[in-house]
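Here's the structure, in structure tokens; my notes come after.
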Amino acid sequence: MGDVSEVKLFGTWSGSPSPTKRVEIALKLKGIPYEFIQEDLGNKSESLLQYNPVHKKVPVLVHNGKPIAESAIILEYIDEHWKYAPKLLPEDPYERAMVRFWANFIDEKLRSRALVMSEGEEKAKLIKEYIENICVLEEGIKRDFSGKSPFLNGESPGYLDLVLGSSACSHRAIEEIVGAKLIMPEIHPLFFAWVTAMKNHPVVKETLPPHEGLLNHVLKYKQRTLELLNTKA
């Protein structure tokens, strides 16, 4: 096994989607001990600015003093350094390419922050697009991950499950804020079954924030953002 003597994760408690939670779940699935360092993004620590001077964002994984930024890159690093099971990425090059393709689709097309901040006609448009994109994703899952159950990685959550789960498993809080159902079993049966399996996985359940806590966090984020925009106006 790889050396796990000094692993630190700079991140935030919650958010939706939460790149930090992707990394936390991966570390726990692999059984890698780590120190979690909570960052206040309104008052970023000197350590965070030192370890990620380019983007100045979380998450940042520091392994034996060496920093790795960006959640997607961190997930690949974890899987390549700690090569033992459960594997996050498939061995087959084509399957790995499909995982990366759909992970990119999720990050570009299923952006809940834009939904949370929208109002009126813009919100209605984004809700429609969000639901349509879930349908596109579900068709892609049927085609490219046929027979994978209960997770897109098989019996254990993998890279794509973590990318999607950090957002989709928090859908109830987003639905409450936008006032519309986004994931419906009658329209997205495969996707809904996958979300349910992810939410019930013990590592996911212990890592993702509770519903009420996440709801309050997102509402405060929206309020702070609106106040900042009004100040600049």
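So you can find residues: chains in the structure tokens are A, B, ... in the order shown, residues in each start at 1, and ligands are numbered from 1 in order.
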
Closest-contact table, stretch 13-108 of chain A side, partner stretch 155-178 of chain A, 7 Å, counting only C-alpha atoms, as CSV:
```
residue,atom,partner,partner_atom,distance
A:Ser16,CA,A:Ser167,CA,5.5
A:Pro17,CA,A:Ser167,CA,4.2
A:Ser18,CA,A:Ser166,CA,5.4
A:Pro19,CA,A:Ser166,CA,6.9
A:Lys21,CA,A:Ser166,CA,6.2
A:Arg22,CA,A:Leu162,CA,5.2
A:Leu75,CA,A:Tyr159,CA,6.9
A:Pro86,CA,A:Ser156,CA,6.9
A:Lys87,CA,A:Gly158,CA,6.8
A:Leu88,CA,A:Gly158,CA,4.0
A:Leu89,CA,A:Tyr159,CA,5.8
A:Val99,CA,A:Leu160,CA,5.9
A:Ala103,CA,A:Leu160,CA,5.8
A:Ile106,CA,A:Leu164,CA,6.6
```

Can those selected residues be exported to a file as a PDB file, in the first residue's frame so that it contains N, CA, C and O atoms?
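Okay, selection.pdb is ready:
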```
ATOM      1  N   SER A  16     -23.161  22.556  -2.357  1.00  0.00           N
ATOM      2  CA  SER A  16     -23.771  21.686  -3.340  1.00  0.00           C
ATOM      3  C   SER A  16     -23.616  22.292  -4.732  1.00  0.00           C
ATOM      4  O   SER A  16     -24.186  23.349  -5.001  1.00  0.00           O
ATOM      5  N   PRO A  17     -22.858  21.623  -5.615  1.00  0.00           N
ATOM      6  CA  PRO A  17     -22.138  20.384  -5.342  1.00  0.00           C
ATOM      7  C   PRO A  17     -20.937  20.631  -4.444  1.00  0.00           C
ATOM      8  O   PRO A  17     -20.479  21.760  -4.340  1.00  0.00           O
ATOM      9  N   SER A  18     -20.419  19.580  -3.811  1.00  0.00           N
ATOM     10  CA  SER A  18     -19.304  19.746  -2.894  1.00  0.00           C
ATOM     11  C   SER A  18     -18.103  18.948  -3.365  1.00  0.00           C
ATOM     12  O   SER A  18     -18.023  17.744  -3.118  1.00  0.00           O
ATOM     13  N   PRO A  19     -17.166  19.589  -4.043  1.00  0.00           N
ATOM     14  CA  PRO A  19     -15.944  18.893  -4.443  1.00  0.00           C
ATOM     15  C   PRO A  19     -15.178  18.315  -3.254  1.00  0.00           C
ATOM     16  O   PRO A  19     -14.534  17.271  -3.363  1.00  0.00           O
ATOM     17  N   LYS A  21     -16.448  16.968  -0.569  1.00  0.00           N
ATOM     18  CA  LYS A  21     -17.068  15.708  -0.172  1.00  0.00           C
ATOM     19  C   LYS A  21     -16.677  14.574  -1.106  1.00  0.00           C
ATOM     20  O   LYS A  21     -16.575  13.426  -0.698  1.00  0.00           O
ATOM     21  N   ARG A  22     -16.474  14.881  -2.387  1.00  0.00           N
ATOM     22  CA  ARG A  22     -16.003  13.854  -3.326  1.00  0.00           C
ATOM     23  C   ARG A  22     -14.709  13.237  -2.805  1.00  0.00           C
ATOM     24  O   ARG A  22     -14.530  12.016  -2.800  1.00  0.00           O
ATOM     25  N   LEU A  75      -8.964  12.937  -7.148  1.00  0.00           N
ATOM     26  CA  LEU A  75      -9.526  11.585  -7.190  1.00  0.00           C
ATOM     27  C   LEU A  75      -8.629  10.649  -7.999  1.00  0.00           C
ATOM     28  O   LEU A  75      -8.388   9.499  -7.605  1.00  0.00           O
ATOM     29  N   PRO A  86     -11.044  -0.459  -2.895  1.00  0.00           N
ATOM     30  CA  PRO A  86     -11.814  -0.398  -4.144  1.00  0.00           C
ATOM     31  C   PRO A  86     -11.210   0.615  -5.122  1.00  0.00           C
ATOM     32  O   PRO A  86     -10.839   1.713  -4.737  1.00  0.00           O
ATOM     33  N   LYS A  87     -11.153   0.210  -6.386  1.00  0.00           N
ATOM     34  CA  LYS A  87     -10.645   1.105  -7.428  1.00  0.00           C
ATOM     35  C   LYS A  87     -11.720   2.125  -7.782  1.00  0.00           C
ATOM     36  O   LYS A  87     -12.910   1.806  -7.855  1.00  0.00           O
ATOM     37  N   LEU A  88     -11.296   3.367  -8.013  1.00  0.00           N
ATOM     38  CA  LEU A  88     -12.234   4.431  -8.363  1.00  0.00           C
ATOM     39  C   LEU A  88     -12.469   4.504  -9.867  1.00  0.00           C
ATOM     40  O   LEU A  88     -13.548   4.902 -10.312  1.00  0.00           O
ATOM     41  N   LEU A  89     -11.464   4.140 -10.639  1.00  0.00           N
ATOM     42  CA  LEU A  89     -11.554   4.183 -12.102  1.00  0.00           C
ATOM     43  C   LEU A  89     -11.376   2.782 -12.675  1.00  0.00           C
ATOM     44  O   LEU A  89     -10.587   1.985 -12.153  1.00  0.00           O
ATOM     45  N   VAL A  99     -16.055   7.429 -18.321  1.00  0.00           N
ATOM     46  CA  VAL A  99     -16.209   7.978 -16.971  1.00  0.00           C
ATOM     47  C   VAL A  99     -15.829   9.458 -16.967  1.00  0.00           C
ATOM     48  O   VAL A  99     -16.547  10.300 -16.420  1.00  0.00           O
ATOM     49  N   ALA A 103     -18.322  12.626 -16.306  1.00  0.00           N
ATOM     50  CA  ALA A 103     -17.978  13.476 -15.168  1.00  0.00           C
ATOM     51  C   ALA A 103     -17.918  14.937 -15.600  1.00  0.00           C
ATOM     52  O   ALA A 103     -18.409  15.838 -14.905  1.00  0.00           O
ATOM     53  N   ILE A 106     -21.455  16.229 -16.154  1.00  0.00           N
ATOM     54  CA  ILE A 106     -22.114  16.537 -14.876  1.00  0.00           C
ATOM     55  C   ILE A 106     -21.668  17.893 -14.352  1.00  0.00           C
ATOM     56  O   ILE A 106     -22.485  18.717 -13.938  1.00  0.00           O
TER      57      ILE A 106
END
```

I'd like the neighbourhood of A:Val116 as an mmCIF file with all heavy atoms, in the first residue's frame, where a residue qualifies if any of its atoms comes within 9 Å (using only C-alpha atoms), though same-chain residues fewer than 2 positions away should be ignored.
```cif
data_model
loop_
_atom_site.group_PDB
_atom_site.id
_atom_site.type_symbol
_atom_site.label_atom_id
_atom_site.label_comp_id
_atom_site.auth_asym_id
_atom_site.auth_seq_id
_atom_site.Cartn_x
_atom_site.Cartn_y
_atom_site.Cartn_z
ATOM 1 N N SER A 112 -26.048 23.085 -9.745
ATOM 2 C CA SER A 112 -27.145 23.495 -8.864
ATOM 3 C C SER A 112 -26.990 24.925 -8.356
ATOM 4 O O SER A 112 -27.983 25.572 -8.002
ATOM 5 C CB SER A 112 -27.258 22.531 -7.685
ATOM 6 O OG SER A 112 -26.023 22.418 -6.997
ATOM 7 N N ARG A 113 -25.771 25.461 -8.328
ATOM 8 C CA ARG A 113 -25.585 26.839 -7.838
ATOM 9 C C ARG A 113 -26.346 27.836 -8.705
ATOM 10 O O ARG A 113 -26.952 28.777 -8.202
ATOM 11 C CB ARG A 113 -24.103 27.201 -7.802
ATOM 12 C CG ARG A 113 -23.369 26.633 -6.600
ATOM 13 C CD ARG A 113 -22.061 27.370 -6.353
ATOM 14 N NE ARG A 113 -21.362 26.800 -5.217
ATOM 15 C CZ ARG A 113 -20.337 25.977 -5.312
ATOM 16 N NH1 ARG A 113 -19.910 25.610 -6.510
ATOM 17 N NH2 ARG A 113 -19.744 25.489 -4.246
ATOM 18 N N ALA A 114 -26.286 27.642 -10.022
ATOM 19 C CA ALA A 114 -27.013 28.541 -10.920
ATOM 20 C C ALA A 114 -28.513 28.458 -10.659
ATOM 21 O O ALA A 114 -29.211 29.476 -10.682
ATOM 22 C CB ALA A 114 -26.701 28.187 -12.373
ATOM 23 N N SER A 118 -31.066 31.647 -9.315
ATOM 24 C CA SER A 118 -31.954 32.161 -10.371
ATOM 25 C C SER A 118 -33.333 32.512 -9.830
ATOM 26 O O SER A 118 -33.757 32.031 -8.777
ATOM 27 C CB SER A 118 -32.084 31.127 -11.496
ATOM 28 O OG SER A 118 -32.674 29.943 -10.995
ATOM 29 N N GLU A 119 -34.046 33.347 -10.591
ATOM 30 C CA GLU A 119 -35.413 33.752 -10.236
ATOM 31 C C GLU A 119 -36.238 33.862 -11.518
ATOM 32 O O GLU A 119 -35.694 34.029 -12.616
ATOM 33 C CB GLU A 119 -35.414 35.113 -9.507
ATOM 34 C CG GLU A 119 -34.693 35.127 -8.173
ATOM 35 C CD GLU A 119 -35.397 34.324 -7.096
ATOM 36 O OE1 GLU A 119 -36.594 33.993 -7.297
ATOM 37 O OE2 GLU A 119 -34.762 34.024 -6.066
ATOM 38 N N LYS A 123 -35.144 31.059 -13.813
ATOM 39 C CA LYS A 123 -35.214 29.846 -12.997
ATOM 40 C C LYS A 123 -36.007 28.761 -13.707
ATOM 41 O O LYS A 123 -35.600 27.600 -13.732
ATOM 42 C CB LYS A 123 -35.838 30.152 -11.633
ATOM 43 C CG LYS A 123 -35.911 28.920 -10.730
ATOM 44 C CD LYS A 123 -36.232 29.285 -9.292
ATOM 45 C CE LYS A 123 -37.674 29.688 -9.131
ATOM 46 N NZ LYS A 123 -38.040 29.829 -7.696
ATOM 47 N N ILE A 174 -31.918 21.374 -2.656
ATOM 48 C CA ILE A 174 -32.014 22.243 -3.836
ATOM 49 C C ILE A 174 -33.468 22.358 -4.283
ATOM 50 O O ILE A 174 -33.934 23.448 -4.647
ATOM 51 C CB ILE A 174 -31.132 21.698 -4.977
ATOM 52 C CG1 ILE A 174 -29.683 21.501 -4.498
ATOM 53 C CG2 ILE A 174 -31.183 22.636 -6.172
ATOM 54 C CD1 ILE A 174 -29.047 22.747 -3.912
ATOM 55 N N ILE A 177 -35.401 24.811 -2.174
ATOM 56 C CA ILE A 177 -35.046 26.210 -2.416
ATOM 57 C C ILE A 177 -35.635 26.712 -3.736
ATOM 58 O O ILE A 177 -36.159 27.828 -3.806
ATOM 59 C CB ILE A 177 -33.512 26.383 -2.408
ATOM 60 C CG1 ILE A 177 -32.978 26.122 -0.992
ATOM 61 C CG2 ILE A 177 -33.113 27.779 -2.883
ATOM 62 C CD1 ILE A 177 -31.478 26.000 -0.907
ATOM 63 N N VAL A 178 -35.587 25.890 -4.784
ATOM 64 C CA VAL A 178 -36.085 26.342 -6.086
ATOM 65 C C VAL A 178 -37.582 26.118 -6.244
ATOM 66 O O VAL A 178 -38.210 26.643 -7.167
ATOM 67 C CB VAL A 178 -35.329 25.675 -7.256
ATOM 68 C CG1 VAL A 178 -33.851 25.967 -7.163
ATOM 69 C CG2 VAL A 178 -35.595 24.178 -7.323
ATOM 70 N N VAL A 218 -26.970 26.453 2.200
ATOM 71 C CA VAL A 218 -27.222 26.952 0.849
ATOM 72 C C VAL A 218 -28.021 28.250 0.893
ATOM 73 O O VAL A 218 -27.765 29.188 0.123
ATOM 74 C CB VAL A 218 -27.941 25.891 -0.005
ATOM 75 C CG1 VAL A 218 -28.274 26.443 -1.385
ATOM 76 C CG2 VAL A 218 -27.066 24.646 -0.149
ATOM 77 N N LEU A 219 -28.986 28.335 1.801
ATOM 78 C CA LEU A 219 -29.780 29.566 1.933
ATOM 79 C C LEU A 219 -28.903 30.738 2.368
ATOM 80 O O LEU A 219 -29.052 31.860 1.858
ATOM 81 C CB LEU A 219 -30.918 29.351 2.934
ATOM 82 C CG LEU A 219 -32.099 28.506 2.434
ATOM 83 C CD1 LEU A 219 -33.053 28.189 3.582
ATOM 84 C CD2 LEU A 219 -32.842 29.223 1.314
ATOM 85 N N LYS A 222 -26.821 31.851 -0.586
ATOM 86 C CA LYS A 222 -27.611 32.659 -1.512
ATOM 87 C C LYS A 222 -27.787 34.074 -0.979
ATOM 88 O O LYS A 222 -27.628 35.059 -1.715
ATOM 89 C CB LYS A 222 -28.984 32.013 -1.740
ATOM 90 C CG LYS A 222 -29.870 32.794 -2.703
ATOM 91 C CD LYS A 222 -31.177 32.067 -2.978
ATOM 92 C CE LYS A 222 -32.025 32.839 -3.989
ATOM 93 N NZ LYS A 222 -33.276 32.127 -4.329
#
```

*Check the DSSP output for the backbone and give back, as an MDAnalysis selection string, the residues of stretch 177-216 of chain A in alpha helix (DSSP H).*
chainID A and resid 177:178 189:200 202:207 211:216

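For the set A:Thr20, A:Ser146, A:Asn43, A:Asn52, the residue with the smallest atom-to-atom gap to A:Ser71 is A:Thr20, counting only C-alpha atoms.
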
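Inside stretch 61-168 of chain A, the residues DSSP reads as strand (DSSP E) when given the backbone are Leu61, Val62, His63, Lys66, Pro67, Ile68 and Ala69 of chain A.
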
Export of prior selection with C-alpha atoms as a CSV table (one decimal), in the first residue's frame:
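Written out: part13.csv:
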```csv
chain,number,residue,atom,x,y,z
A,61,LEU,CA,-5.0,17.4,-0.8
A,62,VAL,CA,-1.6,17.6,0.8
A,63,HIS,CA,0.3,14.3,0.7
A,66,LYS,CA,3.0,17.9,-1.7
A,67,PRO,CA,-0.2,19.7,-2.7
A,68,ILE,CA,-2.7,18.5,-5.3
A,69,ALA,CA,-5.6,20.8,-6.3
```

*Contacts of A:Ile78 at 10 Å or less, counting only C-alpha atoms, minus same-chain residues fewer than 2 places along, as a ChimeraX atom specification?*
/A:2,23,26-27,30,32,61,63,73-76,80-83,87-88

Save out the residues we just selected, all heavy atoms, as a short mmCIF file (atom, residue, chain, number, x, y, z; two decimals), in the first residue's frame.
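Result file out-v5.cif:
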```
data_model
loop_
_atom_site.label_atom_id
_atom_site.label_comp_id
_atom_site.auth_asym_id
_atom_site.auth_seq_id
_atom_site.Cartn_x
_atom_site.Cartn_y
_atom_site.Cartn_z
N GLY A 2 0.31 2.36 -0.52
CA GLY A 2 1.04 3.61 -0.53
C GLY A 2 1.19 4.19 0.86
O GLY A 2 0.48 3.82 1.78
N VAL A 23 -13.80 14.11 -2.40
CA VAL A 23 -12.48 13.65 -1.96
C VAL A 23 -12.58 12.93 -0.62
O VAL A 23 -11.95 11.88 -0.42
CB VAL A 23 -11.51 14.83 -1.87
CG1 VAL A 23 -10.14 14.37 -1.37
CG2 VAL A 23 -11.38 15.53 -3.22
N ALA A 26 -13.83 9.43 -1.15
CA ALA A 26 -12.79 8.60 -1.77
C ALA A 26 -11.77 8.14 -0.73
O ALA A 26 -11.38 6.97 -0.70
CB ALA A 26 -12.11 9.38 -2.89
N LEU A 27 -11.32 9.05 0.11
CA LEU A 27 -10.34 8.71 1.15
C LEU A 27 -10.90 7.66 2.11
O LEU A 27 -10.20 6.70 2.48
CB LEU A 27 -9.92 9.96 1.92
CG LEU A 27 -9.09 10.99 1.15
CD1 LEU A 27 -8.98 12.29 1.93
CD2 LEU A 27 -7.70 10.44 0.83
N LYS A 30 -11.18 4.18 0.53
CA LYS A 30 -9.86 3.54 0.43
C LYS A 30 -9.27 3.21 1.80
O LYS A 30 -8.25 2.53 1.90
CB LYS A 30 -8.89 4.47 -0.31
CG LYS A 30 -9.16 4.62 -1.79
CD LYS A 30 -8.54 3.48 -2.58
CE LYS A 30 -8.51 3.81 -4.06
NZ LYS A 30 -7.88 2.71 -4.84
N ILE A 32 -7.98 5.51 3.90
CA ILE A 32 -6.79 6.33 4.06
C ILE A 32 -7.00 7.34 5.19
O ILE A 32 -7.87 8.21 5.10
CB ILE A 32 -6.48 7.10 2.75
CG1 ILE A 32 -6.30 6.12 1.59
CG2 ILE A 32 -5.25 7.99 2.92
CD1 ILE A 32 -6.33 6.78 0.22
N LEU A 61 -5.56 18.55 -1.52
CA LEU A 61 -5.01 17.40 -0.79
C LEU A 61 -3.51 17.61 -0.67
O LEU A 61 -2.84 17.91 -1.66
CB LEU A 61 -5.30 16.11 -1.55
CG LEU A 61 -4.87 14.82 -0.84
CD1 LEU A 61 -5.89 14.44 0.22
CD2 LEU A 61 -4.68 13.68 -1.84
N HIS A 63 -0.25 15.60 0.40
CA HIS A 63 0.28 14.27 0.71
C HIS A 63 1.79 14.35 0.91
O HIS A 63 2.53 14.68 -0.02
CB HIS A 63 -0.06 13.29 -0.43
CG HIS A 63 0.44 11.91 -0.18
ND1 HIS A 63 0.87 11.08 -1.20
CD2 HIS A 63 0.59 11.20 0.97
CE1 HIS A 63 1.25 9.93 -0.68
NE2 HIS A 63 1.09 9.98 0.63
N ILE A 73 -8.71 15.91 -10.27
CA ILE A 73 -7.30 15.51 -10.29
C ILE A 73 -6.95 14.77 -9.00
O ILE A 73 -6.20 13.78 -9.03
CB ILE A 73 -6.41 16.75 -10.49
CG1 ILE A 73 -6.70 17.39 -11.85
CG2 ILE A 73 -4.93 16.40 -10.36
CD1 ILE A 73 -6.06 18.74 -12.05
N ILE A 74 -7.50 15.23 -7.89
CA ILE A 74 -7.23 14.58 -6.61
C ILE A 74 -7.75 13.14 -6.62
O ILE A 74 -7.08 12.22 -6.15
CB ILE A 74 -7.87 15.37 -5.45
CG1 ILE A 74 -7.20 16.74 -5.31
CG2 ILE A 74 -7.73 14.60 -4.13
CD1 ILE A 74 -7.90 17.68 -4.33
N LEU A 75 -8.96 12.94 -7.15
CA LEU A 75 -9.53 11.58 -7.19
C LEU A 75 -8.63 10.65 -8.00
O LEU A 75 -8.39 9.50 -7.61
CB LEU A 75 -10.93 11.61 -7.80
CG LEU A 75 -12.03 12.28 -6.98
CD1 LEU A 75 -13.36 12.22 -7.72
CD2 LEU A 75 -12.17 11.65 -5.60
N GLU A 76 -8.12 11.13 -9.13
CA GLU A 76 -7.24 10.29 -9.94
C GLU A 76 -5.92 10.02 -9.21
O GLU A 76 -5.39 8.90 -9.26
CB GLU A 76 -6.98 10.95 -11.29
CG GLU A 76 -8.23 11.04 -12.16
CD GLU A 76 -7.92 11.06 -13.64
OE1 GLU A 76 -6.92 10.45 -14.05
OE2 GLU A 76 -8.69 11.69 -14.39
N GLU A 80 -4.41 6.35 -8.23
CA GLU A 80 -3.13 5.93 -8.80
C GLU A 80 -2.08 5.68 -7.73
O GLU A 80 -1.22 4.81 -7.89
CB GLU A 80 -2.64 6.99 -9.79
CG GLU A 80 -3.48 7.05 -11.06
CD GLU A 80 -3.11 8.21 -11.96
OE1 GLU A 80 -2.16 8.95 -11.61
OE2 GLU A 80 -3.78 8.40 -13.00
N HIS A 81 -2.14 6.44 -6.64
CA HIS A 81 -1.13 6.25 -5.58
C HIS A 81 -1.50 5.08 -4.68
O HIS A 81 -0.63 4.25 -4.36
CB HIS A 81 -0.98 7.52 -4.75
CG HIS A 81 0.12 7.42 -3.74
ND1 HIS A 81 1.45 7.66 -4.07
CD2 HIS A 81 0.12 7.06 -2.43
CE1 HIS A 81 2.21 7.47 -2.99
NE2 HIS A 81 1.43 7.10 -1.99
N TRP A 82 -2.74 5.03 -4.23
CA TRP A 82 -3.21 3.92 -3.40
C TRP A 82 -3.95 2.95 -4.31
O TRP A 82 -5.17 3.05 -4.49
CB TRP A 82 -4.09 4.44 -2.27
CG TRP A 82 -3.30 5.25 -1.27
CD1 TRP A 82 -2.52 4.78 -0.27
CD2 TRP A 82 -3.23 6.68 -1.19
NE1 TRP A 82 -1.95 5.82 0.43
CE2 TRP A 82 -2.37 7.01 -0.11
CE3 TRP A 82 -3.80 7.73 -1.92
CZ2 TRP A 82 -2.08 8.32 0.26
CZ3 TRP A 82 -3.51 9.04 -1.56
CH2 TRP A 82 -2.66 9.33 -0.48
N LYS A 83 -3.22 2.03 -4.92
CA LYS A 83 -3.73 1.22 -6.01
C LYS A 83 -4.65 0.09 -5.58
O LYS A 83 -5.24 -0.60 -6.41
CB LYS A 83 -2.56 0.64 -6.81
CG LYS A 83 -1.68 1.70 -7.47
CD LYS A 83 -0.55 1.06 -8.25
CE LYS A 83 0.38 2.12 -8.85
NZ LYS A 83 -0.29 2.96 -9.84
N LYS A 87 -11.15 0.21 -6.39
CA LYS A 87 -10.64 1.10 -7.43
C LYS A 87 -11.72 2.13 -7.78
O LYS A 87 -12.91 1.81 -7.86
CB LYS A 87 -10.26 0.31 -8.67
CG LYS A 87 -9.09 -0.64 -8.45
CD LYS A 87 -7.79 0.12 -8.24
CE LYS A 87 -7.33 0.78 -9.51
NZ LYS A 87 -6.06 1.54 -9.33
N LEU A 88 -11.30 3.37 -8.01
CA LEU A 88 -12.23 4.43 -8.36
C LEU A 88 -12.47 4.50 -9.87
O LEU A 88 -13.55 4.90 -10.31
CB LEU A 88 -11.71 5.78 -7.85
CG LEU A 88 -11.46 5.89 -6.35
CD1 LEU A 88 -10.95 7.28 -6.00
CD2 LEU A 88 -12.71 5.56 -5.55
#
```

Selection: 12 Å around A:Phe191, only C-alpha atoms, excl. self and same-chain fewer than 4 positions, as a tab-separated table (two decimals) with N, CA, C and O atoms, in the first residue's frame:
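Output below, filename around-v4.tsv:
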```
chain	number	residue	atom	x	y	z
A	131	ILE	N	-33.59	19.19	-15.79
A	131	ILE	CA	-34.33	17.94	-15.92
A	131	ILE	C	-34.01	17.26	-17.24
A	131	ILE	O	-33.83	16.04	-17.32
A	133	ASN	N	-31.23	17.52	-18.89
A	133	ASN	CA	-29.87	17.01	-18.82
A	133	ASN	C	-29.79	15.72	-18.00
A	133	ASN	O	-28.95	14.86	-18.27
A	134	ILE	N	-30.65	15.59	-16.99
A	134	ILE	CA	-30.71	14.34	-16.24
A	134	ILE	C	-31.17	13.22	-17.16
A	134	ILE	O	-30.65	12.09	-17.12
A	135	CYS	N	-32.14	13.51	-18.04
A	135	CYS	CA	-32.60	12.51	-19.01
A	135	CYS	C	-31.48	12.11	-19.96
A	135	CYS	O	-31.32	10.91	-20.27
A	136	VAL	N	-30.70	13.09	-20.42
A	136	VAL	CA	-29.55	12.79	-21.28
A	136	VAL	C	-28.54	11.90	-20.54
A	136	VAL	O	-28.03	10.91	-21.10
A	137	LEU	N	-28.28	12.24	-19.28
A	137	LEU	CA	-27.34	11.47	-18.48
A	137	LEU	C	-27.85	10.05	-18.27
A	137	LEU	O	-27.09	9.09	-18.37
A	138	GLU	N	-29.13	9.92	-18.00
A	138	GLU	CA	-29.70	8.59	-17.77
A	138	GLU	C	-29.56	7.70	-19.01
A	138	GLU	O	-29.22	6.52	-18.91
A	139	GLU	N	-29.80	8.27	-20.17
A	139	GLU	CA	-29.62	7.51	-21.41
A	139	GLU	C	-28.16	7.11	-21.59
A	139	GLU	O	-27.85	6.01	-22.05
A	140	GLY	N	-27.26	8.03	-21.23
A	140	GLY	CA	-25.84	7.71	-21.31
A	140	GLY	C	-25.44	6.59	-20.37
A	140	GLY	O	-24.63	5.73	-20.71
A	141	ILE	N	-26.01	6.59	-19.16
A	141	ILE	CA	-25.74	5.54	-18.19
A	141	ILE	C	-26.21	4.18	-18.73
A	141	ILE	O	-25.50	3.17	-18.63
A	142	LYS	N	-27.41	4.17	-19.31
A	142	LYS	CA	-27.94	2.92	-19.88
A	142	LYS	C	-27.02	2.39	-20.97
A	142	LYS	O	-26.77	1.18	-21.07
A	149	SER	N	-24.20	-2.21	-11.35
A	149	SER	CA	-25.20	-2.06	-10.30
A	149	SER	C	-24.61	-2.49	-8.96
A	149	SER	O	-23.78	-3.41	-8.92
A	150	PRO	N	-25.01	-1.85	-7.86
A	150	PRO	CA	-25.97	-0.73	-7.79
A	150	PRO	C	-25.35	0.63	-8.13
A	150	PRO	O	-26.05	1.61	-8.23
A	151	PHE	N	-23.99	0.64	-8.32
A	151	PHE	CA	-23.32	1.90	-8.61
A	151	PHE	C	-22.78	1.89	-10.04
A	151	PHE	O	-22.69	0.85	-10.68
A	152	LEU	N	-22.43	3.06	-10.54
A	152	LEU	CA	-21.89	3.15	-11.89
A	152	LEU	C	-20.53	2.49	-12.00
A	152	LEU	O	-20.06	2.18	-13.08
A	161	ASP	N	-19.45	7.98	-9.65
A	161	ASP	CA	-20.42	8.01	-8.55
A	161	ASP	C	-20.13	9.17	-7.60
A	161	ASP	O	-21.05	9.83	-7.11
A	164	LEU	N	-20.97	12.61	-9.31
A	164	LEU	CA	-22.41	12.81	-9.39
A	164	LEU	C	-23.06	12.88	-8.01
A	164	LEU	O	-23.93	13.71	-7.76
A	165	GLY	N	-22.59	12.02	-7.12
A	165	GLY	CA	-23.22	11.95	-5.79
A	165	GLY	C	-23.04	13.18	-4.94
A	165	GLY	O	-23.91	13.52	-4.13
A	168	ALA	N	-26.03	15.22	-6.60
A	168	ALA	CA	-27.36	14.62	-6.71
A	168	ALA	C	-27.92	14.16	-5.37
A	168	ALA	O	-29.13	14.21	-5.14
A	169	CYS	N	-27.05	13.70	-4.46
A	169	CYS	CA	-27.54	13.21	-3.17
A	169	CYS	C	-28.08	14.33	-2.29
A	169	CYS	O	-28.71	14.07	-1.27
A	182	LEU	N	-36.77	17.96	-9.09
A	182	LEU	CA	-35.73	17.83	-10.11
A	182	LEU	C	-35.47	16.36	-10.48
A	182	LEU	O	-35.19	16.05	-11.63
A	183	ILE	N	-35.53	15.49	-9.49
A	183	ILE	CA	-35.28	14.06	-9.70
A	183	ILE	C	-36.55	13.30	-9.34
A	183	ILE	O	-36.93	13.26	-8.16
A	184	MET	N	-37.21	12.72	-10.33
A	184	MET	CA	-38.51	12.08	-10.13
A	184	MET	C	-38.45	10.62	-10.56
A	184	MET	O	-38.04	10.33	-11.69
A	185	PRO	N	-38.83	9.70	-9.67
A	185	PRO	CA	-38.72	8.26	-10.01
A	185	PRO	C	-39.54	7.87	-11.23
A	185	PRO	O	-39.14	6.97	-11.98
A	186	GLU	N	-40.66	8.56	-11.47
A	186	GLU	CA	-41.48	8.20	-12.63
A	186	GLU	C	-40.86	8.67	-13.95
A	186	GLU	O	-41.16	8.13	-15.02
A	187	ILE	N	-40.00	9.68	-13.89
A	187	ILE	CA	-39.34	10.19	-15.11
A	187	ILE	C	-37.91	9.67	-15.21
A	187	ILE	O	-37.42	9.38	-16.31
A	195	VAL	N	-29.38	7.23	-7.12
A	195	VAL	CA	-29.28	8.23	-6.04
A	195	VAL	C	-29.62	7.59	-4.70
A	195	VAL	O	-28.95	7.82	-3.70
A	196	THR	N	-30.66	6.78	-4.68
A	196	THR	CA	-31.07	6.11	-3.44
A	196	THR	C	-29.97	5.19	-2.93
A	196	THR	O	-29.66	5.17	-1.72
A	197	ALA	N	-29.34	4.43	-3.84
A	197	ALA	CA	-28.24	3.54	-3.44
A	197	ALA	C	-27.07	4.34	-2.87
A	197	ALA	O	-26.46	3.94	-1.86
A	198	MET	N	-26.75	5.45	-3.50
A	198	MET	CA	-25.65	6.28	-3.01
A	198	MET	C	-25.96	6.85	-1.63
A	198	MET	O	-25.13	6.81	-0.71
```

_Atom-to-atom span, atom CA of A:Pro59 and atom CA of A:Leu9, Å_ = 6.8 Å
